[in-house]
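**Student:** To be precise about what I am sending: the file is called entry-v7.txt and holds compact mmCIF, C-alpha atoms.
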```txt
# COMPACT_ATOMS: atom_id res chain seq x y z
CA MET Q 258 0.00 0.00 0.00
CA ALA Q 259 1.33 3.41 -0.98
CA GLN Q 260 2.04 5.98 1.69
CA ILE Q 261 -0.71 8.54 2.11
CA PHE Q 262 1.57 11.43 3.10
CA HIS Q 263 4.69 12.48 1.28
CA ARG Q 264 7.91 12.76 3.34
CA SER Q 265 7.86 16.57 3.12
CA THR Q 266 4.66 16.60 5.21
CA ASN Q 267 6.83 16.00 8.26
CA PHE Q 268 8.49 19.37 7.73
CA ILE Q 269 5.25 21.15 6.97
CA SER Q 270 3.58 19.86 10.12
CA ARG Q 271 6.55 20.84 12.31
CA PHE Q 272 6.78 24.22 10.64
CA SER Q 273 3.08 24.95 11.16
CA VAL Q 274 3.29 24.07 14.87
CA PHE Q 275 6.17 26.49 15.39
CA SER Q 276 4.77 29.24 13.19
CA ALA Q 277 1.43 29.00 15.00
CA LEU Q 278 3.26 29.56 18.29
CA PHE Q 279 5.22 32.40 16.74
CA LEU Q 280 2.08 34.05 15.38
CA ALA Q 281 0.33 33.72 18.74
CA GLY Q 282 3.33 35.38 20.41
CA LEU Q 283 3.36 38.13 17.81
CA GLY Q 284 -0.36 38.68 18.35
CA LEU Q 285 0.17 39.00 22.09
CA VAL Q 286 2.95 41.54 21.59
CA ALA Q 287 0.75 43.49 19.18
CA VAL Q 288 -2.17 43.58 21.63
CA LEU Q 289 0.06 44.70 24.51
CA GLY Q 290 1.76 47.24 22.25
CA VAL Q 291 -1.53 48.75 21.13
CA ALA Q 292 -2.77 48.92 24.73
CA ARG Q 293 0.31 50.96 25.63
CA SER Q 294 0.28 53.10 22.52
CA PRO Q 295 -0.95 56.70 22.41
CA TYR Q 296 -3.88 55.34 20.38
CA MET Q 297 -5.26 53.75 23.54
CA THR Q 298 -3.68 55.87 26.33
CA ARG Q 299 -4.23 59.13 24.41
CA GLN Q 300 -0.79 60.26 25.48
CA ASN Q 301 0.38 63.40 23.61
CA VAL Q 302 -3.07 63.88 22.06
CA THR Q 303 -4.47 67.38 22.37
CA ARG Q 304 -8.23 67.75 22.85
CA GLU Q 305 -10.67 70.12 21.26
CA GLN Q 306 -11.89 72.47 24.00
CA PRO Q 307 -14.76 74.99 24.06
CA VAL Q 308 -12.05 77.67 24.33
CA GLN Q 309 -8.57 76.63 23.28
CA PHE Q 310 -6.94 77.64 26.56
CA SER Q 311 -3.16 77.95 26.44
CA HIS Q 312 -1.17 76.93 29.51
CA LYS Q 313 1.92 78.13 27.66
CA HIS Q 314 0.57 81.66 27.64
CA HIS Q 315 -0.82 81.78 31.17
CA VAL Q 316 1.91 79.80 32.95
CA GLY Q 317 4.90 80.26 30.67
CA ASP Q 318 4.49 83.84 29.47
CA ASP Q 319 2.48 85.38 32.32
CA GLY Q 320 4.00 83.39 35.17
CA ILE Q 321 0.69 82.66 36.89
CA ASP Q 322 1.07 80.07 39.64
CA CYS Q 323 -0.74 76.73 39.17
CA ARG Q 324 -2.66 77.35 42.37
CA TYR Q 325 -4.19 80.61 41.17
CA CYS Q 326 -6.69 78.52 39.21
CA HIS Q 327 -6.27 75.00 40.60
CA THR Q 328 -6.99 76.13 44.14
CA GLY Q 329 -7.85 72.72 45.54
CA VAL Q 330 -4.58 71.00 44.74
CA GLU Q 331 -3.07 71.37 48.22
CA THR Q 332 -6.16 70.46 50.17
CA SER Q 333 -8.25 67.99 48.20
CA ALA Q 334 -8.23 64.99 45.91
CA MET Q 335 -9.03 67.04 42.84
CA ALA Q 336 -6.91 70.02 41.88
CA GLY Q 337 -10.05 71.72 40.61
CA ILE Q 338 -11.07 73.32 37.35
CA PRO Q 339 -11.56 77.03 37.98
CA PRO Q 340 -15.04 78.53 37.78
CA THR Q 341 -15.60 80.98 34.93
CA LYS Q 342 -15.27 83.81 37.42
CA THR Q 343 -11.56 83.06 37.76
CA CYS Q 344 -11.14 83.69 34.02
CA MET Q 345 -13.08 86.91 34.40
CA ASN Q 346 -10.71 88.18 37.11
CA CYS Q 347 -8.49 89.27 34.22
CA HIS Q 348 -10.63 88.86 31.13
CA SER Q 349 -13.27 91.32 32.28
CA VAL Q 350 -10.64 93.84 31.19
CA LEU Q 351 -8.09 91.97 29.07
CA TYR Q 352 -9.32 90.87 25.60
CA ASN Q 353 -12.84 91.67 26.71
CA ASN Q 354 -13.94 92.10 23.09
CA ALA Q 355 -12.18 89.07 21.65
CA SER Q 356 -14.61 86.72 19.93
CA TYR Q 357 -12.29 83.88 20.97
CA LEU Q 358 -13.40 84.43 24.57
CA GLU Q 359 -17.11 84.75 23.83
CA PRO Q 360 -17.93 81.35 25.47
CA ILE Q 361 -16.27 82.63 28.68
CA ARG Q 362 -18.33 85.81 28.77
CA ALA Q 363 -21.51 83.89 27.86
CA SER Q 364 -20.86 81.41 30.67
CA TYR Q 365 -20.29 84.21 33.16
CA ALA Q 366 -23.41 86.07 32.06
CA THR Q 367 -25.71 83.05 32.01
CA ASP Q 368 -24.18 81.04 34.86
CA LYS Q 369 -23.95 78.01 32.58
CA SER Q 370 -20.85 75.86 33.02
CA ILE Q 371 -18.25 75.69 30.29
CA GLU Q 372 -17.95 72.04 29.37
CA TRP Q 373 -14.19 71.56 29.37
CA VAL Q 374 -12.99 68.24 28.00
CA LYS Q 375 -11.13 66.21 30.58
CA VAL Q 376 -7.56 65.52 29.55
CA HIS Q 377 -6.28 63.38 32.41
CA ARG Q 378 -8.91 60.71 32.87
CA LEU Q 379 -8.28 57.92 35.35
CA ALA Q 380 -10.46 54.82 35.41
CA ASP Q 381 -13.20 55.00 38.05
CA PHE Q 382 -11.66 52.11 39.96
CA ALA Q 383 -8.45 54.05 40.61
CA TYR Q 384 -8.24 56.37 43.61
CA PHE Q 385 -6.02 59.39 43.22
CA ASN Q 386 -5.48 62.34 45.54
CA HIS Q 387 -3.59 65.43 44.42
CA SER Q 388 -3.02 66.88 47.89
CA ILE Q 389 -0.99 64.00 49.30
CA HIS Q 390 1.29 64.07 46.26
CA VAL Q 391 2.08 67.80 46.20
CA ASN Q 392 2.31 68.05 49.99
CA LYS Q 393 4.90 65.26 50.09
CA GLY Q 394 6.94 66.98 47.40
CA VAL Q 395 5.91 65.43 44.09
CA GLY Q 396 5.89 68.29 41.62
CA CYS Q 397 3.15 69.13 39.13
CA SER Q 398 5.45 68.70 36.17
CA THR Q 399 6.50 65.20 37.26
CA CYS Q 400 3.13 63.88 36.12
CA HIS Q 401 1.73 66.65 33.92
CA GLY Q 402 4.93 67.53 32.08
CA GLN Q 403 6.06 71.08 31.43
CA VAL Q 404 2.64 72.62 30.89
CA ASN Q 405 4.33 76.01 30.52
CA GLN Q 406 5.38 74.76 27.08
CA MET Q 407 1.99 73.39 26.03
CA PRO Q 408 -0.11 75.76 23.92
CA LEU Q 409 -2.82 73.10 24.05
CA MET Q 410 -3.10 70.69 26.93
CA PHE Q 411 -2.20 67.08 26.44
CA GLN Q 412 -1.37 64.16 28.64
CA ALA Q 413 2.40 64.00 28.90
CA ASN Q 414 2.43 60.51 30.39
CA THR Q 415 0.61 57.24 29.76
CA LEU Q 416 -1.35 57.21 33.07
CA LEU Q 417 -1.03 53.42 32.88
CA MET Q 418 -0.88 51.53 36.15
CA GLN Q 419 2.67 50.58 35.31
CA TRP Q 420 3.55 54.27 35.18
CA CYS Q 421 2.00 54.90 38.60
CA LEU Q 422 3.89 51.97 40.04
CA ASP Q 423 7.22 53.06 38.55
CA CYS Q 424 7.06 56.03 40.88
CA HIS Q 425 5.46 54.26 43.84
CA ARG Q 426 8.38 51.84 43.77
CA ASN Q 427 10.92 54.65 43.80
CA PRO Q 428 9.40 57.95 44.95
CA GLU Q 429 12.83 59.21 46.07
CA ALA Q 430 13.73 59.97 42.47
CA VAL Q 431 11.13 62.73 42.13
CA LEU Q 432 10.75 64.29 45.60
CA ARG Q 433 11.47 68.03 45.56
CA GLU Q 434 13.03 69.77 48.50
CA LYS Q 435 11.48 73.25 48.50
CA LYS Q 436 7.74 73.84 48.45
CA GLU Q 437 7.99 76.42 45.68
CA ASP Q 438 9.88 73.89 43.56
CA VAL Q 439 6.85 71.61 43.64
CA TYR Q 440 4.98 74.17 41.55
CA SER Q 441 7.96 75.04 39.38
CA MET Q 442 7.75 73.89 35.79
CA ASP Q 443 11.50 73.98 35.23
CA TRP Q 444 12.67 71.77 38.10
CA LYS Q 445 15.33 69.25 37.15
CA ALA Q 446 16.56 66.59 39.54
CA PRO Q 447 19.88 67.75 41.04
CA ALA Q 448 22.94 65.56 40.72
CA ASN Q 449 22.58 64.27 44.28
CA GLN Q 450 18.83 63.60 43.98
CA GLU Q 451 19.23 60.05 45.29
CA GLU Q 452 20.67 61.32 48.55
CA ILE Q 453 18.20 64.22 48.87
CA GLY Q 454 15.28 61.97 47.96
CA LYS Q 455 16.15 59.43 50.63
CA ARG Q 456 16.38 62.15 53.28
CA LEU Q 457 13.10 63.78 52.19
CA ALA Q 458 11.32 60.43 52.12
CA ALA Q 459 12.39 59.83 55.72
CA GLU Q 460 11.57 63.36 56.88
CA ARG Q 461 8.15 63.38 55.26
CA HIS Q 462 7.28 59.84 56.36
CA ILE Q 463 6.77 58.53 52.84
CA ARG Q 464 5.42 55.01 53.21
CA THR Q 465 7.43 51.94 52.35
CA THR Q 466 7.39 50.49 48.84
CA ALA Q 467 5.33 47.57 50.14
CA GLU Q 468 2.65 49.96 51.37
CA LEU Q 469 2.81 52.24 48.33
CA THR Q 470 2.41 49.32 45.94
CA SER Q 471 -0.28 47.52 47.92
CA CYS Q 472 -3.47 47.06 45.86
CA SER Q 473 -5.68 48.95 48.28
CA THR Q 474 -3.50 52.08 48.18
CA CYS Q 475 -5.02 52.98 44.82
CA HIS Q 476 -7.94 50.58 44.50
CA ARG Q 477 -10.02 51.40 47.54
CA MET K 224 -29.92 13.76 18.04
CA THR K 225 -31.93 13.19 21.19
CA SER K 226 -34.14 15.95 22.50
CA ALA K 227 -31.93 16.26 25.62
CA SER K 228 -28.74 16.95 23.66
CA ARG K 229 -30.60 19.36 21.36
CA PHE K 230 -31.77 21.30 24.41
CA LEU K 231 -28.20 21.36 25.73
CA THR K 232 -26.85 22.71 22.44
CA ILE K 233 -29.40 25.53 22.35
CA ALA K 234 -28.79 26.40 26.01
CA CYS K 235 -25.02 26.59 25.35
CA ALA K 236 -25.52 28.84 22.34
CA VAL K 237 -27.78 31.20 24.30
CA ALA K 238 -25.31 31.29 27.22
CA CYS K 239 -22.48 32.11 24.79
CA LEU K 240 -24.49 34.94 23.26
CA PHE K 241 -25.24 36.41 26.68
CA SER K 242 -21.65 36.23 27.89
CA ALA K 243 -20.37 37.71 24.62
CA ALA K 244 -22.76 40.63 25.05
CA GLY K 245 -21.44 41.03 28.60
CA CYS K 246 -17.82 41.12 27.47
CA GLN K 247 -18.41 44.12 25.33
CA TYR K 248 -19.25 46.27 28.34
CA LEU K 249 -17.27 44.47 31.01
CA LYS K 250 -14.18 46.66 30.85
CA GLN K 251 -16.08 49.89 30.27
CA ASP K 252 -18.40 49.36 33.21
CA MET K 253 -15.57 49.16 35.69
CA ALA K 254 -13.72 52.15 34.26
CA ASN K 255 -16.86 54.24 33.74
CA GLN K 256 -19.04 53.54 36.71
CA PRO K 257 -22.44 55.23 36.87
CA LYS K 258 -21.42 57.66 39.59
CA ASN K 259 -20.53 61.32 39.74
CA ARG K 260 -16.93 62.34 40.04
CA PRO K 261 -15.96 65.93 40.91
CA LEU K 262 -17.26 68.36 38.26
CA SER K 263 -18.61 65.57 36.07
CA PRO K 264 -21.74 66.41 34.07
CA SER K 265 -25.08 65.01 35.17
CA ASP K 266 -28.34 64.46 33.32
CA PHE K 267 -30.21 64.34 36.59
CA PHE K 268 -30.18 68.07 37.28
CA THR K 269 -31.57 70.62 34.83
CA ASP K 270 -28.40 72.72 34.82
CA GLY K 271 -26.37 69.65 33.82
CA ARG K 272 -24.04 69.83 36.81
CA SER K 273 -23.36 67.17 39.38
CA GLU K 274 -21.82 69.82 41.67
CA ARG K 275 -24.72 71.40 43.48
CA PRO K 276 -24.77 75.07 44.48
CA LEU K 277 -25.67 75.98 48.05
CA VAL K 278 -29.37 76.04 48.74
CA GLU K 279 -30.48 79.62 49.23
CA ASN K 280 -30.22 80.98 52.77
CA THR K 281 -28.04 78.12 53.94
CA VAL K 282 -24.47 78.12 55.21
CA ALA K 283 -21.88 75.51 54.34
CA TYR K 284 -20.93 73.22 57.21
CA GLY K 285 -17.90 74.59 59.03
CA SER K 286 -17.95 78.01 57.41
CA ILE K 287 -19.50 79.62 60.51
CA ALA K 288 -16.16 79.00 62.20
CA ASN K 289 -14.71 81.72 59.97
CA ASP K 290 -16.91 84.34 61.58
CA GLU K 291 -14.27 85.19 64.13
CA LEU K 292 -12.03 86.14 61.20
CA PHE K 293 -14.49 88.76 60.02
CA VAL K 294 -13.45 92.32 60.78
CA PRO K 295 -15.69 95.24 59.77
CA LYS K 296 -14.39 97.74 57.22
CA GLU K 297 -13.76 100.57 59.65
CA SER K 298 -11.92 98.42 62.21
CA ASN K 299 -8.16 98.07 62.28
CA ALA K 300 -8.24 94.87 64.35
CA PHE K 301 -6.15 91.87 63.31
CA PRO K 302 -7.83 88.62 64.35
CA LEU K 303 -4.77 86.35 64.25
CA PRO K 304 -1.44 86.36 66.07
CA VAL K 305 1.20 87.78 63.71
CA ASN K 306 4.32 85.64 63.58
CA SER K 307 6.85 84.55 60.99
CA GLU K 308 4.75 81.52 60.11
CA LEU K 309 1.77 83.69 59.18
CA LEU K 310 3.97 86.08 57.22
CA GLU K 311 5.58 83.25 55.27
CA ARG K 312 2.17 81.86 54.45
CA GLY K 313 1.10 85.35 53.45
CA GLN K 314 4.13 85.78 51.22
CA GLU K 315 3.41 82.50 49.47
CA ARG K 316 -0.30 83.27 49.01
CA TYR K 317 0.50 86.83 47.91
CA LYS K 318 2.80 85.48 45.22
CA ILE K 319 0.09 83.12 43.96
CA PHE K 320 -2.95 85.38 43.98
CA CYS K 321 -1.83 89.01 44.07
CA THR K 322 1.40 89.31 42.06
CA PRO K 323 -0.28 88.92 38.64
CA CYS K 324 -1.61 92.48 39.07
CA HIS K 325 -0.03 94.04 42.17
CA GLY K 326 3.50 92.85 41.40
CA LEU K 327 6.02 91.25 43.73
CA GLN K 328 6.63 94.52 45.56
CA GLY K 329 3.06 95.77 45.71
CA ASP K 330 3.62 98.74 43.42
CA GLY K 331 1.06 97.60 40.87
CA ASN K 332 3.45 96.42 38.17
CA GLY K 333 2.32 92.82 37.87
CA MET K 334 2.37 90.88 34.62
CA ALA K 335 -1.39 91.29 33.98
CA ALA K 336 -1.09 95.03 34.61
CA MET K 337 1.81 95.18 32.14
CA ARG K 338 -0.35 93.43 29.57
CA GLY K 339 -3.19 95.92 29.76
CA MET K 340 -5.07 95.15 32.96
CA LYS K 341 -5.97 98.28 34.85
CA HIS K 342 -2.97 99.33 36.94
CA PRO K 343 -3.88 98.85 40.58
CA PRO K 344 -2.78 101.58 43.00
CA SER K 345 0.56 101.07 44.70
CA TYR K 346 0.42 99.89 48.32
CA HIS K 347 3.10 102.47 49.04
CA GLN K 348 0.83 105.46 48.99
CA ASP K 349 -0.55 107.23 52.04
CA ARG K 350 -4.18 106.30 51.41
CA LEU K 351 -3.41 102.59 51.53
CA ARG K 352 -0.83 102.88 54.29
CA GLN K 353 -3.54 104.38 56.44
CA ALA K 354 -6.31 102.04 55.28
CA THR K 355 -7.66 99.80 58.02
CA ASN K 356 -7.12 96.05 58.09
CA GLY K 357 -10.88 95.62 57.83
CA TYR K 358 -10.90 97.69 54.63
CA ILE K 359 -8.22 95.53 53.01
CA TYR K 360 -10.07 92.40 54.12
CA ASP K 361 -13.20 93.73 52.47
CA VAL K 362 -11.35 94.47 49.22
CA VAL K 363 -9.78 91.00 49.10
CA THR K 364 -13.14 89.40 49.89
CA ASN K 365 -15.50 91.45 47.75
CA GLY K 366 -13.24 93.17 45.26
CA PHE K 367 -12.84 96.83 44.42
CA GLY K 368 -12.98 98.64 41.09
CA ALA K 369 -11.65 96.35 38.36
CA MET K 370 -10.58 93.77 40.96
CA TYR K 371 -13.03 90.93 41.48
CA GLY K 372 -13.52 89.43 44.93
CA TYR K 373 -11.24 86.57 45.90
CA SER K 374 -13.48 84.90 48.47
CA ALA K 375 -13.81 81.79 46.30
CA GLN K 376 -10.07 81.41 45.77
CA ILE K 377 -8.61 82.46 49.12
CA PRO K 378 -10.00 81.16 52.43
CA PRO K 379 -10.36 83.77 55.24
CA ARG K 380 -7.27 82.67 57.18
CA ASP K 381 -5.11 83.07 54.09
CA ARG K 382 -6.63 86.48 53.40
CA TRP K 383 -5.34 87.61 56.79
CA ALA K 384 -1.95 86.08 56.09
CA ILE K 385 -1.87 88.11 52.88
CA ILE K 386 -2.89 91.28 54.73
CA ALA K 387 -0.05 90.74 57.19
CA TYR K 388 2.35 90.37 54.30
CA VAL K 389 0.98 93.46 52.54
CA ARG K 390 1.63 95.38 55.77
CA ALA K 391 5.19 94.05 55.77
CA LEU K 392 5.58 95.16 52.15
CA GLN K 393 4.36 98.63 53.08
CA LEU K 394 6.78 98.77 55.98
CA SER K 395 9.61 97.69 53.70
CA ARG K 396 9.54 101.13 52.06
CA ASN K 397 8.39 103.17 55.00
CA ALA K 398 10.46 102.09 58.00
CA LYS K 399 12.43 104.50 60.15
CA VAL K 400 16.03 103.67 60.94
CA ALA K 401 15.21 104.31 64.59
CA ASP K 402 12.70 101.43 64.52
CA LEU K 403 15.41 98.88 63.75
CA PRO K 404 16.89 96.66 66.44
CA ALA K 405 20.33 97.87 67.55
CA GLU K 406 22.40 95.24 65.74
CA LEU K 407 20.70 95.86 62.38
CA ARG K 408 21.10 99.61 62.84
CA GLU K 409 24.80 99.09 63.41
CA LYS K 410 25.06 96.99 60.26
CA LEU K 411 23.27 99.73 58.36
CA ASN K 412 25.60 102.39 59.74
CA GLN K 413 28.62 100.37 58.64
CA SER K 414 27.38 99.90 55.09
CA GLY K 415 26.31 103.54 54.94
CA SER K 416 29.72 104.77 56.12
CA THR K 417 30.13 106.90 52.98
CA GLY K 418 27.72 109.29 54.59
CA ALA K 419 24.93 108.72 52.09
CA ALA K 420 21.42 107.98 53.27
CA PRO K 421 20.63 104.25 53.26
CA SER K 422 19.45 103.16 49.84
CA ALA K 423 15.92 101.96 49.24
CA GLU K 424 17.25 98.46 48.88
CA GLN K 425 18.91 98.47 52.27
CA LYS K 426 15.85 99.95 53.85
CA GLN K 427 13.72 97.30 52.30
CA GLU K 428 16.02 94.57 53.47
CA SER K 429 16.01 95.78 57.02
CA GLY K 430 12.29 96.42 56.92
CA SER K 431 11.44 92.88 56.03
CA ALA K 432 14.11 91.46 58.32
CA LYS K 433 12.32 93.15 61.17
CA ASP K 434 9.17 91.34 60.21
CA SER K 435 11.10 88.13 59.61
CA THR K 436 9.61 87.59 56.17
CA GLY K 437 12.90 86.38 54.84
CA GLY K 438 13.22 89.52 52.76
CA SER K 439 12.75 87.77 49.44
CA ASN K 440 10.10 90.10 48.15
```
Translate this structure into structure tokens?

**Tutor:**
Amino acid sequence: MAQIFHRSTNFISRFSVFSALFLAGLGLVAVLGVARSPYMTRQNVTREQPVQFSHKHHVGDDGIDCRYCHTGVETSAMAGIPPTKTCMNCHSVLYNNASYLEPIRASYATDKSIEWVKVHRLADFAYFNHSIHVNKGVGCSTCHGQVNQMPLMFQANTLLMQWCLDCHRNPEAVLREKKEDVYSMDWKAPANQEEIGKRLAAERHIRTTAELTSCSTCHR
Amino acid sequence: MTSASRFLTIACAVACLFSAAGCQYLKQDMANQPKNRPLSPSDFFTDGRSERPLVENTVAYGSIANDELFVPKESNAFPLPVNSELLERGQERYKIFCTPCHGLQGDGNGMAAMRGMKHPPSYHQDRLRQATNGYIYDVVTNGFGAMYGYSAQIPPRDRWAIIAYVRALQLSRNAKVADLPAELREKLNQSGSTGAAPSAEQKQESGSAKDSTGGSN
């Protein structure tokens, strides 16, 4: 009786087993890659806003402190989006005829909220509190990037859990010594940051890595 | 196919359909829970806000405690003990909220003023030197002229810290040499040995040193 399969079938069957494994691996890498890509995380993607507010102008050119508008950052979980009245503090006089700012004036006149588009959106199962971070010495620009150079706001980091954990495993690398440095956009880690960071972590009672990376620290 | 196995097949297919439909929303439901987060929009209220304004004629819990920090316009009382801690807080808050218009030194040359905002009056004029603490508190709280009130941005305690710092700023350009402690006066005399009157800068330095503001205005 003649053989049903030719000898070369041996190779083909082996090759297909290995290439199937290879393709499955490639697929996995692709899925993980896409999940981490700006397409999914929306990193570096600017958003269309009702008024195209420029942090570069207000922070970079005018030197307005973060806390002038984001008044809650030192005391509460949310830094706070300023009410329209805060805009009007200056824009009742400055550019008070500019059509660009018409939505601001309309909002102030009618008491209807401006619907700003959220740029930094965490999942609802993640707990985050601004005040603990800035009060322990983590600067604004560590997470938000140098907003003084952003004409339109975008997310400078991935906001992935891995990114949170990178810092929770080693907060010493980003702790800033002086309070005013926390709100400085131009802070760069000094050469002896490791040494300073260790001291600050001890002084400010930063919790241990085990506590900072425990599930219930962020998923409460 | 027996009727039992046919039933099983259909049941499996229906279960698969249901679980597949669940998968589609599984991830989204956990990340987007049907709850309000700060400042999130809401369909429930007609104004579309989840943040609710105060009901008319009510007072927010805890805000009554600020009553002791209220000083009427005509009074020059200062309701808090003035110390270096308060002045440092005042300096920090002043830099955040006041410098855009009033400038770092209180002479009205802030960035917003330079860019076309109405120039506020300098603190270093007699009218404002003689203004009562209660008057300044009222201006910070309710605004004055082109300046809007800052009650929403600055809590009462911080307003007083700012007032203390504004007073220190005023003193920085209006202090008498005789008011200085002996050692600072001696230092001043040494640096002014050329016989010239102490420069504004020196005066300022000694003025703020007296008030222990750190002199970094």

**Student:** May I have the residues within 8 Å of K:Gly331 as a PyMOL selection string, using all atoms listed in the file and disregarding those fewer than 5 positions away in the same chain?

**Tutor:** chain K and resi 324-326+336+342-346

**Student:** Could the residues of chain K within 10 Å of chain Q, counting all atoms listed in the file, be given as a PyMOL selection string, please?

**Tutor:** chain K and resi 251-264+270-272+315-316+318-324+333-341+366+369-373+375-377

**Student:** Find the residue from K:Gln393, K:Val363, K:Ala405, K:Ala384 that sits nearest to K:Asn306; use all atoms listed in the file when measuring.

**Tutor:** K:Ala384

**Student:** Could you check how far atom CA of K:Phe293 sits from atom CA of Q:Tyr365, in Å to one decimal?

**Tutor:**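 Computed distance, atom CA of K:Phe293 to atom CA of Q:Tyr365, equals 27.9 Å.
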
**Student:** Fewer than 6 positions away in the same chain doesn't count, so skip those; otherwise give me all residues within 8 Å of stretch 293-299 of chain Q, counting all atoms listed in the file, as a short mmCIF file (atom, residue, chain, number, x, y, z; two decimals) with C-alpha atoms, in the coordinates of the input.

**Tutor:**
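Listing of selection_1.cif after writing:
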```cif
data_model
loop_
_atom_site.label_atom_id
_atom_site.label_comp_id
_atom_site.auth_asym_id
_atom_site.auth_seq_id
_atom_site.Cartn_x
_atom_site.Cartn_y
_atom_site.Cartn_z
CA GLN Q 412 -1.37 64.16 28.64
CA THR Q 415 0.61 57.24 29.76
CA LEU Q 416 -1.35 57.21 33.07
CA LEU Q 417 -1.03 53.42 32.88
#
```

**Student:** Quick one: residues within 12 Å of Q:Gln406, all atoms listed in the file counted, chain neighbours fewer than 6 positions away excluded, as a list in words?

**Tutor:**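 Everything that qualifies: Ser311, His312, Lys313, His314, His315, Val316, Gly317, Asp318, Gly320, Ser398, Ala413, Met442 and Asp443 of chain Q.
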
**Student:** What does the structure give for the distance between atom CA of Q:Ser356 and atom CA of Q:Val404, in Å to one decimal?

**Tutor:**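 Atom-to-atom, atom CA of Q:Ser356 to atom CA of Q:Val404, that is 24.8 Å.
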
**Student:** Tell me, in Å to one decimal, how far atom CA of K:Asn397 is from atom CA of K:Ser374.

**Tutor:** 29.2 Å

**Student:** To test the calculation: enclose all listed atoms of stretch 399-411 of chain Q in a box whose edges run along x, y and z, add 5 Å on each side, then state centre and edge lengths in Å to one decimal, as lines of an AutoDock Vina configuration file.

**Tutor:**
```
center_x = 1.7
center_y = 69.9
center_z = 30.6
size_x = 19.6
size_y = 22.1
size_z = 23.3
```

**Student:** Name all residues at most 9 Å from Q:Gln450 (count only C-alpha atoms; drop same-chain ones fewer than 6 positions away) and give them as a PyMOL selection string.

**Tutor:** chain Q and resi 429-433

**Student:** Store the residues of this selection in a file with C-alpha atoms, as a compact mmCIF listing (two decimals), keeping the file's coordinate frame.

**Tutor:**
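Now in out_17.txt:
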```txt
# COMPACT_ATOMS: atom_id res chain seq x y z
CA GLU Q 429 12.83 59.21 46.07
CA ALA Q 430 13.73 59.97 42.47
CA VAL Q 431 11.13 62.73 42.13
CA LEU Q 432 10.75 64.29 45.60
CA ARG Q 433 11.47 68.03 45.56
```

**Student:** Residues within 8 Å of stretch 455-462 of chain Q, please, as a PyMOL selection string. Count all atoms listed in the file; anything in the same chain fewer than 3 positions from it doesn't count.

**Tutor:** chain Q and resi 393+428-429+432+434+451-452

**Student:** Could the residues in this selection be saved with C-alpha atoms as a compact mmCIF listing (two decimals), in the coordinates of the input?

**Tutor:**
```txt
# COMPACT_ATOMS: atom_id res chain seq x y z
CA LYS Q 393 4.90 65.26 50.09
CA PRO Q 428 9.40 57.95 44.95
CA GLU Q 429 12.83 59.21 46.07
CA LEU Q 432 10.75 64.29 45.60
CA GLU Q 434 13.03 69.77 48.50
CA GLU Q 451 19.23 60.05 45.29
CA GLU Q 452 20.67 61.32 48.55
```

**Student:** Given the choices Q:Asn354, Q:Asn414, Q:Asn449, Q:Thr332, which gets closest to Q:Val391 if the distance is worked out from only C-alpha atoms?

**Tutor:**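 Of the candidates, the smallest distance to Q:Val391 is held by Q:Thr332.
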
**Student:** Using only C-alpha atoms, can you tell me which of Q:Lys435, Q:Ala448, Q:Phe411, Q:Ser441 comes closest to Q:Glu305?

**Tutor:**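 Checking each candidate against Q:Glu305, we get Q:Phe411 as the closest.
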